[in-house]
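S.K.: Dumping the structure here so I can ask a few things about it.
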Amino acid sequence: MEYGGGTVYDPKTVESVKREQPAWEAQAKKMLRSDEIPTRTTLSGLEVKPVYTPADVANIHFSEIGWPGGYPMARGLYPLGYLVTPWMNQQVMGYGLAEHSRAVFDRLVAEGMEGYFGHKVMNLVFDNPTKGGIDPDWPEAKGHVGVGGMNFSNLRDLEILTNGLDLATTNISMITGDTCLYALAAYVTAAEKQGFDRKVLRGNSMNWLLKNWHVDNMSFPAKNALYLTGELIEFASQHMPLWNTLNISGYLMREAGANAVQELAFCMAWGREVIRHCINERGLNVDDFAGRFGFQISAHMDLFEEVAKMRAWRIMWARMLKEEFGAKNWRTWQARFHVHTCGHALTAQQPLVNIVRATIQSLAAVLGGTQSLHTCGYDEALTIPTEESHRLTLRTQQVIMYETGVTNVVDPLGGSWYVESLTQQIIDEAQKIIDHIEEMGGYVAAIESGYLRRVVNEEAYKYHERIRRGERIVVGLNKFQIEETEQPKIFHFDPGVEQEAIRRIRQLKAERDNAAVEAALKRVREAAQARDGLMDSILEAVTVYATQGEVMNVLKGVFGWGWMP
Amino acid sequence: MVKGPIRVLMTKLAFDAHDRALRYVSAKLRDAGMEVIISRFHLVEEVVNTAIQEAVDVIGVSIYTGGQIVVAQDLMELLKARSATDIKVVFGGTIPTDDVQRLKDLGVHDVFPPGTPPEVFTASIERLVRGEVSV
């Protein structure tokens, strides 16, 4: 449904506002005893005025804002917002072995962590060796198995993780690195062994193979990363209609240093590149796959900028999908996003202050209309959160959801002269960057040339220099410091995890049919070389218990592996 | 006594994500007149090889997702085995407070928690290498 409507204020009102403006300015100058009215900038460096009026939104047509659930989705994806579907509490979890992560999941569910329609949500992060395609018994893995995420090396791990769960009502996000094809294959196989058809499975593959330039991990070269991204999308869009196939991560760009405008622009460019690949190289129809894309975005400390960014996000995505790619289904226009509160805004100094930061960031995400939310623990500037701190983040979301009344009204900041104006300002600035990337030849070209990394590094440097010079105040870090005596409780890892993971994988290799594994890995190599039937070959390899490291080694050999520029 | 600019190898595990701090710290050390080499490693041997080949005065290890104790144990042992204990070793990053002392007990010369001002880590490295802070 589309809506019409003229500008949001009639010209008479705007004119009278403009007439009154000089009087306000005169009063301000008089109070300041200065001829210059100061202006400030947002955290991303956008200049903002000291006050906003209808004159600032005089050119905006109501159709550019519209109704919640209506094009261009500025005000949210659904007509009734949180009144009907509150955001999902999607806390990142996962450490140790599969059974440890399952225990954390069971505890969070028991404490009220809930997704849409009462579904369970498992937002599962894997450890670094897993993300990099390294098995726990390889020398590189030493000291890192099960640290900062769950170790996952083969089908058995996911069998343990999912044992006895109703996978038709469990929404699992697998935070993998470059192992996403293997991880999806293993999840599908584990589910089917328990009697669930792949068609009913719900969840999310991060499939963010194009992210590695901004977190600086080794990776497949960008062109091949795009191919592999498309492989997962094509498979899932044909066999797993409820599965979300791509998570475009602005959050990680932000952690690397990008500002809010860059985050938005880069994500749009990334999405555009993948959509073009799926249409042009794979012959898919945009309405058959793009509705299953989502975003993971950051909420930093500038509350209004974040809200405006999220509103701009929905508008730009909807416009691109509808107008550029001709998507007809309104669900395809929806920019669905998960917000992760900003990690690098947290301080190791006076860590309890981080509770306040994460609360404000969470509120920004909610006012911005997020679909799901992860709130950082106060101790995350030091280590992974303790059980107590993890619980507190869930309670933070629950207080916002149940006690504050902010869920009573859809898009409560819509119509704010400032927020509408800032939304437009962010769209305009982001569009310039998107156009620039287009001129360079698109997102992959912008990675390959080193452009993205360079501008993000520069932005990070500026951010830290502003803190160092005291131009930006971070409470407890560069101002209001105290002598700290008490340290927060620290989460301790069980050193036995690594030994047990190694024991298990050795046992697996002794018990499985190794000839079948060899044959399956050969087929993976052939499919990868031929660029034909890759996902099916990985499913076969998973079934005979080839490990993720073994499969990833084949892929690295065929597609290349190294540092992005 | 080291003459000329101090040479620092700034390094990080290959699969340890988020290199923002590594890059900022490296930039600030360069701003302070030091020569900085950035590397990533899978195995600690690679760090020691590079440090010796490049004749660095200091190795700086940046940590985000943990593993600092294991890395420090292997690194300090290997430096000893290769008679390269004149190279100073510092760690920085999201390191739990009770690991700071454990790292120092292993022979790590200094540890910088998140938010350490550039003046502090720069001065510490100067002091470690030159025995004093140059003005």
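Here, A, B, ... name the chains of the structure tokens in the order displayed, residue numbers run from 1 inside each chain, and ligands are numbered from 1 in the same displayed order.
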When you look at region 107-118 of chain B with a cut-off of 6 Å (counting only C-alpha atoms), what residues show up, excluding the ones that are within fewer than 4 positions of it in the same chain? I need them as an NGL selection string.
M.R.: (:A and (348)) or (:B and (89-94 or 103 or 122))
S.K.: So that I can check the secondary structure, give me every residue of region 3-133 of chain B assigned helix (DSSP H, G or I) by backbone DSSP, as number ranges by chain.
M.R.: B: 20-31, 44-53, 68-81, 97-105, 118-130
S.K.: With only C-alpha atoms as the counted atoms, please give the residues lying no more than 6 Å from Leu13 (chain B), apart from itself and same-chain residues fewer than 5 positions off, as a list in words.
M.R.: Arg40, Phe41 and His42 of chain B
S.K.: Pick out the residues sitting within 9 Å of region 378-388 of chain A, and hand them over as a ChimeraX atom specification; count only C-alpha atoms, and ignore anything fewer than 5 positions along from it in its own chain.
M.R.: /A:104,147-148,343-349,351-358,393,488-492 /B:64-66,93-97,113-114
S.K.: Could the residues in this selection be written to a file with C-alpha atoms, as a short mmCIF file (atom, residue, chain, number, x, y, z; two decimals), in the first residue's frame?
M.R.:
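Writing done, so here's selection_38.cif:
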```
data_model
loop_
_atom_site.label_atom_id
_atom_site.label_comp_id
_atom_site.auth_asym_id
_atom_site.auth_seq_id
_atom_site.Cartn_x
_atom_site.Cartn_y
_atom_site.Cartn_z
CA VAL A 104 23.63 -21.20 28.80
CA VAL A 147 37.19 -19.17 24.32
CA GLY A 148 34.82 -16.36 23.32
CA GLY A 343 31.22 -2.56 22.20
CA HIS A 344 33.97 0.00 21.82
CA ALA A 345 31.92 2.62 23.68
CA LEU A 346 32.41 0.57 26.85
CA THR A 347 35.22 1.38 29.22
CA ALA A 348 37.37 -0.85 31.36
CA GLN A 349 37.48 2.03 33.86
CA PRO A 351 32.92 -0.65 34.42
CA LEU A 352 29.54 -0.36 36.15
CA VAL A 353 29.02 2.87 34.19
CA ASN A 354 28.73 0.63 31.14
CA ILE A 355 25.31 -0.47 32.40
CA VAL A 356 24.12 3.09 31.86
CA ARG A 357 25.72 3.26 28.42
CA ALA A 358 24.22 -0.02 27.29
CA THR A 393 21.60 -7.24 30.02
CA PRO A 488 34.44 -6.80 38.52
CA LYS A 489 34.16 -10.53 38.78
CA ILE A 490 35.77 -12.16 35.81
CA PHE A 491 34.44 -15.04 33.83
CA HIS A 492 36.87 -17.94 33.99
CA TYR B 64 40.92 -9.03 21.79
CA THR B 65 39.40 -12.45 22.22
CA GLY B 66 41.71 -13.95 24.78
CA GLY B 93 43.88 -5.15 24.96
CA THR B 94 40.84 -6.63 26.64
CA ILE B 95 42.83 -8.50 29.22
CA PRO B 96 41.10 -9.43 32.48
CA THR B 97 42.59 -7.68 35.49
CA PRO B 113 44.42 -2.31 29.59
CA PRO B 114 41.71 -0.82 27.33
#
```
S.K.: Return as CSV the residues of chain A lying at most 8 Å from chain B, together with the closest atom-to-atom pair for each and the distance in Å to one decimal, counting only C-alpha atoms, with rows in chain order and ascending residue number.
M.R.:
```
residue,atom,partner,partner_atom,distance
A:Asn128,CA,B:Phe15,CA,5.9
A:Pro129,CA,B:Phe15,CA,7.0
A:Lys131,CA,B:Phe15,CA,7.9
A:Gly132,CA,B:Phe15,CA,6.3
A:Pro139,CA,B:Leu43,CA,7.5
A:Glu140,CA,B:His42,CA,5.4
A:Lys142,CA,B:Val70,CA,7.6
A:Gly143,CA,B:Gly67,CA,5.3
A:His144,CA,B:Gly67,CA,5.7
A:Val147,CA,B:Gly66,CA,6.9
A:Gly148,CA,B:Thr65,CA,6.1
A:His214,CA,B:His18,CA,7.7
A:Val215,CA,B:His18,CA,4.7
A:Asp216,CA,B:Asp19,CA,6.2
A:Asn217,CA,B:Phe15,CA,5.8
A:Met218,CA,B:Ala14,CA,7.1
A:Glu255,CA,B:His18,CA,7.3
A:Ala256,CA,B:Arg20,CA,5.4
A:Gly257,CA,B:Arg20,CA,7.1
A:Thr347,CA,B:Gly115,CA,6.9
A:Ala348,CA,B:Pro114,CA,5.9
A:Gln349,CA,B:Gly115,CA,7.8
A:Ala381,CA,B:Thr94,CA,6.0
A:Leu382,CA,B:Thr94,CA,4.7
A:Thr383,CA,B:Pro96,CA,5.9
A:Asn457,CA,B:Arg20,CA,7.5
A:Ala460,CA,B:Arg20,CA,7.2
A:Tyr461,CA,B:Tyr24,CA,6.0
A:His464,CA,B:Tyr24,CA,7.8
A:Arg468,CA,B:Pro117,CA,6.8
A:Leu477,CA,B:Gly115,CA,6.7
A:Gln487,CA,B:Thr97,CA,7.3
A:Ile490,CA,B:Pro96,CA,6.8
```
S.K.: Any idea what the distance is between CA of Gly112 (chain A) and CA of Tyr95 (chain A)?
M.R.: 20.3 Å
S.K.: Show which residues sit within 12 Å of Leu128 (chain B), as a list of chain:residue names. Count only C-alpha atoms, and ignore same-chain residues fewer than 4 positions away.
M.R.: B:Met1, B:Val2, B:Ile6, B:Val8, B:Asp57, B:Val58, B:Ile59, B:Asp86, B:Ile87, B:Lys88, B:Val89, B:Val90, B:Val108, B:His109, B:Asp110, B:Phe121, B:Thr122, B:Ala123, B:Ser124, B:Glu132, B:Val133, B:Ser134
S.K.: Selection from above, N, CA and C atoms, as a PDB file, in the first residue's frame, can you write it?
M.R.:
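Written file, part35.pdb:
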```
ATOM      1  N   MET B   1      72.289   0.407  25.094  1.00  0.00           N
ATOM      2  CA  MET B   1      71.503   1.612  24.766  1.00  0.00           C
ATOM      3  C   MET B   1      71.195   1.644  23.273  1.00  0.00           C
ATOM      4  N   VAL B   2      69.916   1.696  22.978  1.00  0.00           N
ATOM      5  CA  VAL B   2      69.488   1.698  21.580  1.00  0.00           C
ATOM      6  C   VAL B   2      69.663   3.083  20.981  1.00  0.00           C
ATOM      7  N   ILE B   6      63.336   3.706  18.020  1.00  0.00           N
ATOM      8  CA  ILE B   6      62.958   2.408  18.591  1.00  0.00           C
ATOM      9  C   ILE B   6      62.146   1.646  17.550  1.00  0.00           C
ATOM     10  N   VAL B   8      59.509  -1.357  16.765  1.00  0.00           N
ATOM     11  CA  VAL B   8      58.482  -2.144  17.462  1.00  0.00           C
ATOM     12  C   VAL B   8      57.798  -3.073  16.475  1.00  0.00           C
ATOM     13  N   ASP B  57      63.198  -3.818  18.856  1.00  0.00           N
ATOM     14  CA  ASP B  57      63.502  -3.649  20.278  1.00  0.00           C
ATOM     15  C   ASP B  57      62.353  -4.140  21.145  1.00  0.00           C
ATOM     16  N   VAL B  58      61.158  -4.067  20.580  1.00  0.00           N
ATOM     17  CA  VAL B  58      59.965  -4.363  21.373  1.00  0.00           C
ATOM     18  C   VAL B  58      58.988  -5.191  20.540  1.00  0.00           C
ATOM     19  N   ILE B  59      58.340  -6.149  21.212  1.00  0.00           N
ATOM     20  CA  ILE B  59      57.199  -6.843  20.597  1.00  0.00           C
ATOM     21  C   ILE B  59      55.948  -6.396  21.353  1.00  0.00           C
ATOM     22  N   ASP B  86      66.716  -9.817  25.062  1.00  0.00           N
ATOM     23  CA  ASP B  86      66.860  -8.353  25.098  1.00  0.00           C
ATOM     24  C   ASP B  86      65.637  -7.675  24.474  1.00  0.00           C
ATOM     25  N   ILE B  87      64.849  -8.415  23.733  1.00  0.00           N
ATOM     26  CA  ILE B  87      63.628  -7.839  23.151  1.00  0.00           C
ATOM     27  C   ILE B  87      62.572  -7.720  24.252  1.00  0.00           C
ATOM     28  N   LYS B  88      62.055  -6.520  24.413  1.00  0.00           N
ATOM     29  CA  LYS B  88      61.045  -6.300  25.442  1.00  0.00           C
ATOM     30  C   LYS B  88      59.670  -6.692  24.899  1.00  0.00           C
ATOM     31  N   VAL B  89      58.837  -7.198  25.795  1.00  0.00           N
ATOM     32  CA  VAL B  89      57.517  -7.673  25.369  1.00  0.00           C
ATOM     33  C   VAL B  89      56.423  -6.941  26.144  1.00  0.00           C
ATOM     34  N   VAL B  90      55.499  -6.364  25.421  1.00  0.00           N
ATOM     35  CA  VAL B  90      54.344  -5.732  26.074  1.00  0.00           C
ATOM     36  C   VAL B  90      53.061  -6.296  25.472  1.00  0.00           C
ATOM     37  N   VAL B 108      56.448 -10.776  31.017  1.00  0.00           N
ATOM     38  CA  VAL B 108      55.995  -9.691  30.143  1.00  0.00           C
ATOM     39  C   VAL B 108      56.324  -8.366  30.828  1.00  0.00           C
ATOM     40  N   HIS B 109      56.874  -7.420  30.080  1.00  0.00           N
ATOM     41  CA  HIS B 109      57.417  -6.212  30.710  1.00  0.00           C
ATOM     42  C   HIS B 109      56.353  -5.203  31.103  1.00  0.00           C
ATOM     43  N   ASP B 110      55.299  -5.107  30.303  1.00  0.00           N
ATOM     44  CA  ASP B 110      54.223  -4.196  30.699  1.00  0.00           C
ATOM     45  C   ASP B 110      52.932  -4.648  30.025  1.00  0.00           C
ATOM     46  N   PHE B 121      51.489   4.412  27.120  1.00  0.00           N
ATOM     47  CA  PHE B 121      52.197   3.261  26.523  1.00  0.00           C
ATOM     48  C   PHE B 121      53.463   3.691  25.782  1.00  0.00           C
ATOM     49  N   THR B 122      53.436   4.898  25.230  1.00  0.00           N
ATOM     50  CA  THR B 122      54.631   5.382  24.541  1.00  0.00           C
ATOM     51  C   THR B 122      55.786   5.570  25.533  1.00  0.00           C
ATOM     52  N   ALA B 123      55.468   6.205  26.668  1.00  0.00           N
ATOM     53  CA  ALA B 123      56.501   6.446  27.688  1.00  0.00           C
ATOM     54  C   ALA B 123      57.022   5.125  28.243  1.00  0.00           C
ATOM     55  N   SER B 124      56.130   4.171  28.434  1.00  0.00           N
ATOM     56  CA  SER B 124      56.550   2.886  28.979  1.00  0.00           C
ATOM     57  C   SER B 124      57.539   2.198  28.042  1.00  0.00           C
ATOM     58  N   GLU B 132      64.937   5.238  30.199  1.00  0.00           N
ATOM     59  CA  GLU B 132      64.449   6.539  30.646  1.00  0.00           C
ATOM     60  C   GLU B 132      63.506   7.076  29.565  1.00  0.00           C
ATOM     61  N   VAL B 133      62.767   8.105  29.887  1.00  0.00           N
ATOM     62  CA  VAL B 133      61.897   8.717  28.893  1.00  0.00           C
ATOM     63  C   VAL B 133      62.657   9.860  28.236  1.00  0.00           C
ATOM     64  N   SER B 134      62.794   9.796  26.931  1.00  0.00           N
ATOM     65  CA  SER B 134      63.470  10.905  26.253  1.00  0.00           C
ATOM     66  C   SER B 134      62.504  12.070  26.128  1.00  0.00           C
TER      67      SER B 134
END
```
S.K.: Excluding Val84 (chain A) and any residue of its chain fewer than 5 positions from it, enumerate the residues within 12 Å of it, using only C-alpha atoms, and give them as a PyMOL selection string.
M.R.: chain A and resi 77-79+116-117+371+407-410
S.K.: Can you check which residues of chain B DSSP gives as strand (DSSP E) on the backbone and send them as a count of residues only?
M.R.: 29
S.K.: Figure out the distance between CA of Ala258 (chain A) and CA of Val456 (chain A), please, to one decimal in Å.
M.R.: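 CA of Ala258 (chain A) lies at a distance of 4.9 Å from CA of Val456 (chain A).
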S.K.: Please list as a ChimeraX atom specification every residue within 10 Å of Leu79 (chain B), counting only C-alpha atoms and excluding residues in the same chain fewer than 3 positions away.
M.R.: /B:44-45,47-49,51-52,74-76,82-89
